[in-house]
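J.: Got structure-v3.txt for you, compact mmCIF, C-alpha atoms and all ligand atoms:
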```
# COMPACT_ATOMS: atom_id res chain seq x y z
CA MET A 1 27.54 -8.64 -5.36
CA LYS A 2 25.66 -11.77 -6.31
CA ILE A 3 22.16 -12.08 -4.86
CA GLN A 4 19.04 -14.22 -5.29
CA ALA A 5 16.02 -12.48 -6.79
CA ALA A 6 12.57 -13.47 -8.06
CA VAL A 7 12.78 -12.33 -11.68
CA ALA A 8 9.71 -11.47 -13.78
CA HIS A 9 10.85 -12.36 -17.31
CA ASN A 10 7.66 -11.91 -19.27
CA VAL A 11 4.01 -10.96 -19.07
CA ASP A 12 1.85 -13.42 -17.08
CA GLU A 13 4.78 -15.78 -16.43
CA GLU A 14 5.56 -17.10 -12.95
CA LEU A 15 8.45 -15.42 -11.13
CA ARG A 16 11.72 -17.40 -11.18
CA ILE A 17 14.22 -17.22 -8.32
CA GLU A 18 17.62 -16.76 -9.96
CA GLU A 19 21.07 -15.36 -9.32
CA VAL A 20 21.54 -11.73 -10.38
CA GLU A 21 24.24 -9.10 -9.88
CA LEU A 22 23.54 -6.08 -7.61
CA THR A 23 25.73 -2.95 -7.86
CA GLU A 24 27.26 -1.15 -4.88
CA PRO A 25 25.18 1.69 -3.32
CA GLY A 26 25.93 5.22 -4.62
CA PRO A 27 26.55 8.26 -2.35
CA ASP A 28 22.84 8.76 -1.47
CA GLU A 29 21.90 5.07 -1.44
CA VAL A 30 21.60 2.28 1.09
CA LEU A 31 22.29 -1.48 0.85
CA ILE A 32 19.64 -3.47 2.73
CA LYS A 33 19.54 -7.17 3.59
CA ILE A 34 15.87 -7.99 2.99
CA VAL A 35 14.26 -9.98 5.81
CA ALA A 36 10.71 -10.15 4.41
CA THR A 37 8.49 -8.39 1.92
CA GLY A 38 4.78 -7.91 1.42
CA VAL A 39 3.06 -8.78 -1.84
CA CYS A 40 0.78 -6.02 -3.14
CA HIS A 41 -1.81 -5.68 -5.88
CA THR A 42 0.58 -3.40 -7.81
CA ASP A 43 3.11 -6.25 -8.08
CA ALA A 44 0.42 -8.42 -9.69
CA GLU A 45 -0.48 -5.57 -12.06
CA SER A 46 3.18 -5.36 -13.10
CA ILE A 47 3.28 -9.09 -13.88
CA LYS A 48 0.31 -8.46 -16.17
CA GLY A 49 2.41 -5.89 -18.00
CA ARG A 50 1.13 -2.74 -16.32
CA GLY A 51 4.30 -1.77 -14.44
CA ALA A 52 8.07 -1.78 -14.88
CA PRO A 53 9.53 -2.98 -18.22
CA PHE A 54 10.50 -6.69 -18.37
CA PRO A 55 12.65 -8.30 -17.20
CA SER A 56 12.18 -6.90 -13.70
CA VAL A 57 12.56 -7.67 -10.02
CA LEU A 58 9.31 -6.62 -8.36
CA GLY A 59 8.49 -6.13 -4.68
CA HIS A 60 7.77 -2.80 -3.02
CA GLU A 61 6.95 -3.61 0.59
CA GLY A 62 10.40 -4.64 1.80
CA ALA A 63 11.64 -4.78 5.38
CA GLY A 64 15.25 -5.41 6.25
CA ILE A 65 18.49 -4.47 7.94
CA VAL A 66 20.87 -1.79 6.68
CA GLU A 67 24.23 -3.30 5.67
CA LYS A 68 26.01 -0.34 4.12
CA VAL A 69 25.29 3.35 3.44
CA GLY A 70 26.61 5.80 0.84
CA SER A 71 28.82 8.76 1.82
CA SER A 72 25.97 11.32 1.99
CA VAL A 73 23.41 9.17 3.83
CA THR A 74 22.70 10.41 7.36
CA ASN A 75 19.18 9.14 8.14
CA VAL A 76 20.19 5.51 8.73
CA GLN A 77 23.33 3.52 9.60
CA PRO A 78 24.40 -0.12 9.34
CA GLY A 79 22.40 -2.34 11.68
CA ASP A 80 19.26 -0.18 11.58
CA HIS A 81 15.93 -1.90 10.95
CA VAL A 82 14.12 -0.30 8.03
CA VAL A 83 10.90 -0.49 6.06
CA LEU A 84 11.12 0.39 2.37
CA SER A 85 8.40 2.59 0.94
CA TYR A 86 7.75 4.30 -2.39
CA SER A 87 10.28 6.39 -4.32
CA TYR A 88 10.18 10.19 -4.57
CA CYS A 89 12.65 12.80 -5.74
CA GLY A 90 12.62 15.06 -2.66
CA GLU A 91 13.21 18.13 -4.83
CA CYS A 92 10.04 18.97 -6.81
CA SER A 93 7.28 21.32 -5.58
CA GLN A 94 5.08 18.40 -4.44
CA CYS A 95 7.90 16.81 -2.43
CA LEU A 96 8.90 20.15 -0.92
CA SER A 97 5.34 20.83 0.22
CA GLY A 98 4.98 17.47 2.03
CA HIS A 99 3.22 15.60 -0.77
CA GLN A 100 5.94 13.12 -1.67
CA ASN A 101 3.18 10.68 -2.65
CA LEU A 102 2.38 12.96 -5.60
CA CYS A 103 6.02 13.60 -6.57
CA GLU A 104 6.29 14.91 -10.13
CA ARG A 105 8.70 12.05 -10.88
CA THR A 106 6.48 9.31 -9.35
CA VAL A 107 5.93 7.31 -12.53
CA GLU A 108 9.56 7.44 -13.63
CA LEU A 109 11.01 6.62 -10.18
CA ASN A 110 8.57 3.83 -9.25
CA PHE A 111 7.74 2.24 -12.60
CA GLY A 112 10.54 3.40 -14.96
CA GLY A 113 12.85 0.50 -14.03
CA LYS A 114 15.91 2.60 -13.18
CA SER A 115 17.25 4.19 -10.01
CA LYS A 116 17.06 7.95 -9.35
CA ASP A 117 20.40 8.63 -11.05
CA GLY A 118 19.20 6.84 -14.21
CA SER A 119 21.38 3.75 -13.81
CA ASN A 120 20.41 0.08 -13.41
CA HIS A 121 21.29 -1.61 -10.14
CA ILE A 122 20.42 -5.15 -11.16
CA HIS A 123 21.99 -7.11 -14.03
CA GLN A 124 21.88 -10.69 -15.23
CA HIS A 125 24.43 -11.99 -17.76
CA ASP A 126 25.33 -8.33 -18.47
CA HIS A 127 21.72 -7.42 -19.32
CA ALA A 128 19.96 -4.71 -17.30
CA ILE A 129 16.97 -5.72 -15.17
CA SER A 130 14.32 -3.19 -14.11
CA THR A 131 13.93 -2.18 -10.48
CA PHE A 132 10.49 -1.52 -9.02
CA PHE A 133 9.50 1.34 -6.67
CA GLY A 134 13.24 1.99 -6.33
CA GLN A 135 13.64 -1.10 -4.13
CA SER A 136 12.90 -4.48 -5.84
CA SER A 137 12.39 -6.25 -2.54
CA PHE A 138 11.71 -9.74 -3.99
CA ALA A 139 15.42 -10.36 -3.47
CA THR A 140 17.91 -11.18 -0.75
CA TYR A 141 19.42 -7.68 -0.95
CA SER A 142 18.26 -4.30 -2.23
CA VAL A 143 19.96 -1.01 -3.06
CA ALA A 144 17.53 1.85 -2.45
CA ASN A 145 17.69 5.62 -2.33
CA LYS A 146 17.78 7.14 1.17
CA ASN A 147 14.30 8.60 0.45
CA ASN A 148 12.81 5.07 0.23
CA VAL A 149 14.03 4.11 3.66
CA VAL A 150 12.14 4.46 6.95
CA LYS A 151 13.95 3.63 10.19
CA VAL A 152 11.78 1.57 12.57
CA ASP A 153 11.96 0.36 16.19
CA LYS A 154 13.90 -2.84 16.83
CA ASP A 155 11.47 -4.19 19.44
CA VAL A 156 8.85 -5.28 16.89
CA ASP A 157 9.10 -8.29 14.54
CA LEU A 158 10.76 -6.82 11.45
CA ALA A 159 9.34 -9.57 9.20
CA LEU A 160 5.86 -8.22 9.85
CA LEU A 161 6.53 -4.59 8.92
CA GLY A 162 7.03 -4.55 5.12
CA PRO A 163 3.36 -4.03 4.20
CA LEU A 164 3.37 -0.78 6.17
CA GLY A 165 5.36 0.61 3.22
CA CYS A 166 2.43 0.50 0.77
CA GLY A 167 -0.93 -1.25 1.24
CA ILE A 168 -1.43 -0.64 4.95
CA GLN A 169 -0.07 2.88 4.72
CA THR A 170 -2.55 3.52 1.90
CA GLY A 171 -5.63 2.41 3.83
CA SER A 172 -4.77 4.01 7.16
CA GLY A 173 -3.33 7.19 5.64
CA THR A 174 -6.42 7.80 3.52
CA VAL A 175 -8.39 8.16 6.74
CA MET A 176 -5.74 9.77 8.97
CA ASN A 177 -3.99 12.11 6.52
CA SER A 178 -6.38 12.65 3.65
CA LEU A 179 -10.00 12.59 4.92
CA ARG A 180 -9.15 13.58 8.52
CA PRO A 181 -12.66 12.93 9.89
CA GLU A 182 -13.89 14.60 13.05
CA PRO A 183 -14.63 12.27 16.01
CA GLY A 184 -18.29 11.24 16.10
CA THR A 185 -18.77 11.30 12.33
CA SER A 186 -19.49 8.35 10.06
CA ILE A 187 -17.53 6.53 7.36
CA ALA A 188 -18.28 3.77 4.84
CA ILE A 189 -15.41 1.61 3.63
CA TYR A 190 -15.95 -0.33 0.40
CA GLY A 191 -13.87 -3.51 0.14
CA GLY A 192 -12.59 -5.50 3.12
CA GLY A 193 -9.12 -6.32 1.77
CA ALA A 194 -5.87 -5.23 3.42
CA VAL A 195 -6.33 -1.59 2.33
CA GLY A 196 -9.98 -1.38 3.44
CA LEU A 197 -9.38 -3.07 6.79
CA SER A 198 -6.43 -0.75 7.48
CA ALA A 199 -8.85 2.12 6.91
CA VAL A 200 -11.24 0.50 9.43
CA MET A 201 -8.56 0.37 12.13
CA ALA A 202 -7.61 4.00 11.45
CA ALA A 203 -11.26 5.09 11.67
CA LYS A 204 -11.59 3.33 15.02
CA ILE A 205 -8.49 5.11 16.34
CA MET A 206 -9.94 8.44 15.20
CA GLY A 207 -13.14 7.89 17.19
CA LEU A 208 -15.76 7.64 14.46
CA LYS A 209 -19.28 6.80 15.49
CA HIS A 210 -20.30 4.69 12.49
CA ILE A 211 -17.72 2.58 10.65
CA ILE A 212 -19.58 0.63 7.96
CA VAL A 213 -17.78 -1.97 5.84
CA VAL A 214 -19.20 -3.25 2.57
CA ASP A 215 -17.90 -6.48 1.01
CA LEU A 216 -19.18 -9.64 -0.67
CA HIS A 217 -17.37 -12.17 1.56
CA GLN A 218 -18.58 -13.03 5.05
CA ASN A 219 -15.08 -13.91 6.37
CA ARG A 220 -13.86 -10.42 5.55
CA LEU A 221 -16.93 -8.84 7.12
CA ASP A 222 -16.36 -10.88 10.29
CA LEU A 223 -12.76 -9.69 10.48
CA ALA A 224 -13.91 -6.10 9.88
CA LEU A 225 -16.14 -6.36 12.98
CA GLU A 226 -13.24 -7.73 14.99
CA LEU A 227 -11.01 -4.83 13.90
CA GLY A 228 -13.44 -2.04 14.71
CA ALA A 229 -16.30 -1.86 12.20
CA THR A 230 -19.61 -0.95 13.86
CA HIS A 231 -21.72 -2.31 10.97
CA VAL A 232 -21.05 -4.63 8.04
CA LEU A 233 -23.09 -4.99 4.86
CA ASN A 234 -22.95 -7.81 2.35
CA GLY A 235 -23.35 -6.13 -1.04
CA LYS A 236 -24.90 -9.33 -2.44
CA GLU A 237 -27.68 -9.36 0.13
CA VAL A 238 -28.82 -5.81 0.86
CA ASP A 239 -29.41 -2.45 -0.82
CA VAL A 240 -26.20 -0.85 0.39
CA VAL A 241 -27.19 2.78 -0.17
CA GLU A 242 -30.53 2.36 1.57
CA GLU A 243 -28.97 0.54 4.54
CA ILE A 244 -26.24 3.15 4.98
CA ARG A 245 -28.81 5.96 4.93
CA LYS A 246 -30.82 4.11 7.58
CA ILE A 247 -27.85 3.46 9.89
CA THR A 248 -26.55 7.03 9.64
CA ASP A 249 -29.84 8.89 9.35
CA GLY A 250 -29.14 10.31 5.89
CA GLY A 251 -25.76 9.05 4.68
CA VAL A 252 -22.11 8.93 5.71
CA HIS A 253 -19.85 11.95 6.10
CA TYR A 254 -16.90 10.10 4.55
CA ALA A 255 -16.17 7.07 2.39
CA VAL A 256 -13.13 5.13 1.20
CA GLU A 257 -13.55 3.21 -2.07
CA THR A 258 -10.93 0.46 -2.48
CA THR A 259 -12.57 -1.89 -5.01
CA GLY A 260 -12.26 0.11 -8.24
CA ALA A 261 -15.53 -1.49 -9.41
CA THR A 262 -17.73 0.99 -11.29
CA PRO A 263 -21.08 0.18 -9.57
CA VAL A 264 -19.39 0.39 -6.16
CA ILE A 265 -17.85 3.77 -6.95
CA ILE A 266 -21.32 5.08 -7.84
CA GLN A 267 -22.75 3.54 -4.66
CA SER A 268 -20.06 5.22 -2.58
CA ILE A 269 -21.14 8.63 -3.92
CA HIS A 270 -24.88 7.99 -3.53
CA ALA A 271 -24.49 6.87 0.09
CA LEU A 272 -22.73 10.11 1.13
CA ARG A 273 -24.73 12.64 3.09
CA VAL A 274 -24.88 16.30 1.97
CA SER A 275 -21.35 17.75 1.61
CA GLY A 276 -19.79 14.31 2.18
CA THR A 277 -16.43 13.26 0.75
CA VAL A 278 -15.34 10.00 -0.86
CA SER A 279 -11.71 9.13 -1.38
CA ILE A 280 -11.01 6.84 -4.34
CA VAL A 281 -8.15 4.45 -3.63
CA GLY A 282 -8.85 1.41 -5.84
CA MET A 283 -7.74 1.48 -9.47
CA GLY A 284 -10.84 1.44 -11.67
CA GLY A 285 -12.16 2.40 -15.06
CA ASP A 286 -14.78 4.72 -16.53
CA VAL A 287 -17.72 5.92 -14.45
CA THR A 288 -20.74 7.86 -15.71
CA LEU A 289 -22.12 10.43 -13.26
CA ASN A 290 -24.79 13.09 -13.42
CA PHE A 291 -22.76 15.95 -12.05
CA THR A 292 -25.78 18.09 -11.20
CA ASN A 293 -27.65 15.45 -9.18
CA ASP A 294 -24.77 13.33 -7.92
CA LEU A 295 -22.35 16.07 -6.88
CA LEU A 296 -23.28 19.72 -7.39
CA MET A 297 -26.68 19.95 -5.69
CA GLU A 298 -25.47 18.26 -2.53
CA GLY A 299 -21.96 19.70 -2.46
CA LYS A 300 -20.33 16.27 -2.51
CA LYS A 301 -16.61 15.79 -3.10
CA VAL A 302 -14.80 12.95 -4.91
CA MET A 303 -11.03 12.79 -4.66
CA GLY A 304 -8.20 10.42 -5.50
CA THR A 305 -5.69 9.46 -2.82
CA VAL A 306 -2.26 7.92 -3.48
CA GLN A 307 -0.32 6.13 -0.70
CA GLY A 308 -2.75 7.57 1.85
CA ASP A 309 -1.21 11.03 1.46
CA SER A 310 1.50 9.69 3.73
CA VAL A 311 5.01 10.91 4.32
CA PRO A 312 6.35 7.41 5.05
CA GLN A 313 9.00 8.59 7.53
CA LEU A 314 6.22 10.18 9.65
CA HIS A 315 3.31 7.80 9.08
CA ILE A 316 4.95 4.36 9.42
CA PRO A 317 6.49 4.97 12.90
CA LYS A 318 3.07 6.22 14.01
CA LEU A 319 1.40 2.97 12.83
CA ILE A 320 4.04 0.93 14.64
CA GLN A 321 3.32 2.83 17.86
CA TYR A 322 -0.43 2.12 17.49
CA PHE A 323 0.41 -1.54 16.81
CA LYS A 324 2.45 -1.75 20.02
CA GLU A 325 -0.49 -0.26 21.94
CA GLY A 326 -2.78 -2.97 20.49
CA LYS A 327 -4.83 -0.42 18.52
CA PHE A 328 -3.68 -1.31 15.02
CA ARG A 329 -3.64 -5.12 14.68
CA PHE A 330 -2.53 -5.35 11.05
CA ASP A 331 -0.86 -8.65 11.97
CA LYS A 332 -4.35 -10.18 11.72
CA LEU A 333 -4.32 -9.53 7.96
CA VAL A 334 -1.09 -11.33 7.09
CA LYS A 335 0.01 -14.84 6.14
CA PHE A 336 3.67 -15.80 5.77
CA TYR A 337 5.20 -17.71 2.82
CA ASP A 338 8.71 -19.00 2.12
CA PHE A 339 10.64 -17.25 -0.66
CA GLU A 340 10.40 -20.44 -2.79
CA ASP A 341 6.60 -20.19 -2.56
CA ILE A 342 6.35 -16.62 -3.83
CA ASN A 343 4.11 -17.61 -6.75
CA LYS A 344 1.74 -19.32 -4.32
CA ALA A 345 1.59 -16.05 -2.35
CA PHE A 346 0.40 -14.29 -5.51
CA GLU A 347 -2.13 -17.02 -6.24
CA GLU A 348 -3.63 -17.00 -2.75
CA SER A 349 -3.83 -13.22 -2.78
CA LYS A 350 -5.66 -13.30 -6.11
CA THR A 351 -8.19 -15.89 -4.95
CA GLY A 352 -8.79 -14.03 -1.70
CA VAL A 353 -7.48 -16.84 0.55
CA THR A 354 -4.92 -14.38 1.93
CA LEU A 355 -5.53 -10.68 2.57
CA LYS A 356 -1.87 -9.70 2.82
CA PRO A 357 0.88 -12.20 1.95
CA ILE A 358 4.35 -11.69 3.38
CA VAL A 359 7.28 -13.57 1.85
CA ARG A 360 10.12 -14.42 4.22
CA ILE A 361 13.44 -13.90 2.43
CA ALA A 362 16.02 -14.36 5.18
CA LYS A 363 15.69 -17.55 7.18
ZN ZN B 1 9.36 14.99 -6.13
ZN ZN B 2 1.54 -1.46 -3.31
```
Please lay out the structure from this file as structure tokens.
Ligand SMILES: [Zn+2]
Ligand SMILES: [Zn+2]
T.:
Amino acid sequence: MKIQAAVAHNVDEELRIEEVELTEPGPDEVLIKIVATGVCHTDAESIKGRGAPFPSVLGHEGAGIVEKVGSSVTNVQPGDHVVLSYSYCGECSQCLSGHQNLCERTVELNFGGKSKDGSNHIHQHDHAISTFFGQSSFATYSVANKNNVVKVDKDVDLALLGPLGCGIQTGSGTVMNSLRPEPGTSIAIYGGGAVGLSAVMAAKIMGLKHIIVVDLHQNRLDLALELGATHVLNGKEVDVVEEIRKITDGGVHYAVETTGATPVIIQSIHALRVSGTVSIVGMGGDVTLNFTNDLLMEGKKVMGTVQGDSVPQLHIPKLIQYFKEGKFRFDKLVKFYDFEDINKAFEESKTGVTLKPIVRIAK
């Protein structure tokens, strides 16, 4: 079928909305009419050339309505509201042990540009176009594997839900599934973007005593307080490590590092109390540590977390339930854009004007 898609033709070029050809869904695939889609940092990375091969249709936080299902699909049916999340094989040892986020085929299935069976779903003038995260949601329709699809309640605004498939799942899941803090403990969250603030809301739900957010922008710190932070620190104005030690009487039990900035990563380790754990979520570069002083002697732990250690089909419905109860107000992070303004959504995300852009595809 012919669809409209925002095509990334070349590195650092603006996306162009064009007509492309989408193939029919295979036996274990689903055709989805995309209603709206979040824009995530990983889409921007792909435009810079660190993602799927060009040309590609990006987008990996889609939300839409099922139009058609393949013969072996049983988890959804036409008319269902769905959120699209990351791709996983469902068959490797990581997938079988509940760690789909670390699927052994993650890179190939999410960034390789082809669907799980190795074919291309999108073509333009007979040339293959890469898919992204097995969904390519910057388009009016998507064909995705049944593993990508999460059925959601129909009594919430579907246009709002796409970002639950990646960024918001990452922040909240890092606290709820990966760190699993005990009530009454303390956490520091570095970076007040969509991922960091999702971690704040999760920490509040889990009953933490100290939820400390570190950022450089006052508007983000204000929003952090509104969403559940107990303390905020402006990294430009105070000695973050010293302040955290003062607030918590010795350091935090847990930390989430979303910035990927080397000095902040080091800070996040230094501000842990003895035997504390920091989860690294932001993509960063090289960091020099003294393993004896920084880790060994105080039994500290540093770990990486992908997609918040979330099984999307379990985690996303849970977030929606918290949202309905007024405990997880991720709607305060979003700003809507028309499909024609998709490049503006990227621009305003980059400059920090918008924490989480959502592009409306269906009018
Ligand atoms: Zn797998
Ligand atoms: Zn993402």
J.: May I have the residues within 8 Å of ligand ZN 2 (chain B), computed using all atoms listed in the file, as a list in words?
T.: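 Within the 8 Å cut-off, the matching residues are Val39, Cys40, His41, Thr42, Asp43, His60, Glu61, Gly165, Cys166 and Gly167 of chain A.
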J.: Would you pick out the contacts of A:Arg50 at 12 Å or less, using all atoms listed in the file, so that residues sharing its chain but fewer than 4 positions from it are not included, and give the list as an NGL selection string?
T.: :A and (10-12 or 41-46 or 54 or 107 or 111-112 or 132 or 283)
J.: What gap, in Å, lies between atom CA of A:Gln267 and atom CA of A:Val241?
T.: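 Computing the Euclidean distance for atom CA of A:Gln267 and atom CA of A:Val241 yields 6.4 Å.
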J.: Quick one: pull the distance between atom CA of A:Phe328 and atom CA of A:His81, Å, one decimal.
T.: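 Here the two named atoms are 20.0 Å from each other.
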J.: Where does chain A meet ligand ZN 1 (chain B) within 12 Å, residue by residue, with the nearest atom pair and distance in Å to one decimal for each, counting all atoms listed in the file, listed by chain and rising number, as CSV?
T.:
```
residue,atom,partner,partner_atom,distance
A:Tyr86,CA,B:ZN1,ZN,11.4
A:Ser87,CA,B:ZN1,ZN,8.8
A:Tyr88,CA,B:ZN1,ZN,5.1
A:Cys89,CA,B:ZN1,ZN,4.0
A:Gly90,CA,B:ZN1,ZN,4.8
A:Glu91,CA,B:ZN1,ZN,5.1
A:Cys92,CA,B:ZN1,ZN,4.1
A:Ser93,CA,B:ZN1,ZN,6.7
A:Gln94,CA,B:ZN1,ZN,5.7
A:Cys95,CA,B:ZN1,ZN,4.4
A:Leu96,CA,B:ZN1,ZN,7.3
A:Ser97,CA,B:ZN1,ZN,9.5
A:Gly98,CA,B:ZN1,ZN,9.6
A:His99,CA,B:ZN1,ZN,8.2
A:Gln100,CA,B:ZN1,ZN,5.9
A:Asn101,CA,B:ZN1,ZN,8.3
A:Leu102,CA,B:ZN1,ZN,7.3
A:Cys103,CA,B:ZN1,ZN,3.6
A:Glu104,CA,B:ZN1,ZN,5.0
A:Arg105,CA,B:ZN1,ZN,5.6
A:Thr106,CA,B:ZN1,ZN,7.1
A:Val107,CA,B:ZN1,ZN,10.6
A:Glu108,CA,B:ZN1,ZN,10.6
A:Leu109,CA,B:ZN1,ZN,9.4
A:Asn110,CA,B:ZN1,ZN,11.6
A:Lys116,CA,B:ZN1,ZN,10.9
A:Asn147,CA,B:ZN1,ZN,10.4
```
J.: Give me, please, the distance in Å between atom CA of A:Glu242 and atom CA of A:Leu272, quoted to one decimal.
T.: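 The value is 11.0 Å.
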J.: Enclose all atoms of stretch 309-323 of chain A listed in the file in an axis-aligned box, grow every side by 6 Å, and hand back centre and edge lengths in Å to one decimal, as lines of an AutoDock Vina configuration file.
T.:
```
center_x = 3.9
center_y = 4.7
center_z = 9.7
size_x = 22.2
size_y = 24.6
size_z = 28.4
```
J.: For A:Gly276, work out the shell of residues within 10 Å, counting all atoms listed in the file and skipping chain neighbours fewer than 2 positions away, then give it as a PDB file with C-alpha atoms, in the coordinates of the input.
T.:
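This went into selection29.pdb:
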```pdb
ATOM      1  CA  SER A 186     -19.490   8.350  10.060  1.00  0.00           C
ATOM      2  CA  ILE A 187     -17.530   6.530   7.360  1.00  0.00           C
ATOM      3  CA  GLY A 251     -25.760   9.050   4.680  1.00  0.00           C
ATOM      4  CA  VAL A 252     -22.110   8.930   5.710  1.00  0.00           C
ATOM      5  CA  HIS A 253     -19.850  11.950   6.100  1.00  0.00           C
ATOM      6  CA  TYR A 254     -16.900  10.100   4.550  1.00  0.00           C
ATOM      7  CA  ALA A 255     -16.170   7.070   2.390  1.00  0.00           C
ATOM      8  CA  ILE A 269     -21.140   8.630  -3.920  1.00  0.00           C
ATOM      9  CA  HIS A 270     -24.880   7.990  -3.530  1.00  0.00           C
ATOM     10  CA  ALA A 271     -24.490   6.870   0.090  1.00  0.00           C
ATOM     11  CA  LEU A 272     -22.730  10.110   1.130  1.00  0.00           C
ATOM     12  CA  ARG A 273     -24.730  12.640   3.090  1.00  0.00           C
ATOM     13  CA  VAL A 274     -24.880  16.300   1.970  1.00  0.00           C
ATOM     14  CA  VAL A 278     -15.340  10.000  -0.860  1.00  0.00           C
ATOM     15  CA  LEU A 295     -22.350  16.070  -6.880  1.00  0.00           C
ATOM     16  CA  GLU A 298     -25.470  18.260  -2.530  1.00  0.00           C
ATOM     17  CA  GLY A 299     -21.960  19.700  -2.460  1.00  0.00           C
ATOM     18  CA  LYS A 300     -20.330  16.270  -2.510  1.00  0.00           C
ATOM     19  CA  LYS A 301     -16.610  15.790  -3.100  1.00  0.00           C
ATOM     20  CA  VAL A 302     -14.800  12.950  -4.910  1.00  0.00           C
TER      21      VAL A 302
END
```
J.: Please list as an mmCIF file with C-alpha atoms, in the coordinates of the input every residue within 10 Å of A:Gly352, counting all atoms listed in the file and excluding residues in the same chain fewer than 4 positions away.
T.:
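Okay, this is what ended up in result_26.cif:
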```cif
data_model
loop_
_atom_site.group_PDB
_atom_site.id
_atom_site.type_symbol
_atom_site.label_atom_id
_atom_site.label_comp_id
_atom_site.auth_asym_id
_atom_site.auth_seq_id
_atom_site.Cartn_x
_atom_site.Cartn_y
_atom_site.Cartn_z
ATOM 1 C CA GLY A 193 -9.120 -6.320 1.770
ATOM 2 C CA HIS A 217 -17.370 -12.170 1.560
ATOM 3 C CA ARG A 220 -13.860 -10.420 5.550
ATOM 4 C CA PHE A 346 0.400 -14.290 -5.510
ATOM 5 C CA GLU A 347 -2.130 -17.020 -6.240
ATOM 6 C CA GLU A 348 -3.630 -17.000 -2.750
ATOM 7 C CA LYS A 356 -1.870 -9.700 2.820
#
```
J.: Residues at most 10 Å from A:Ser71, counting only C-alpha atoms, excluding those fewer than 6 positions away in the same chain, as a count of residues only?
T.: 6
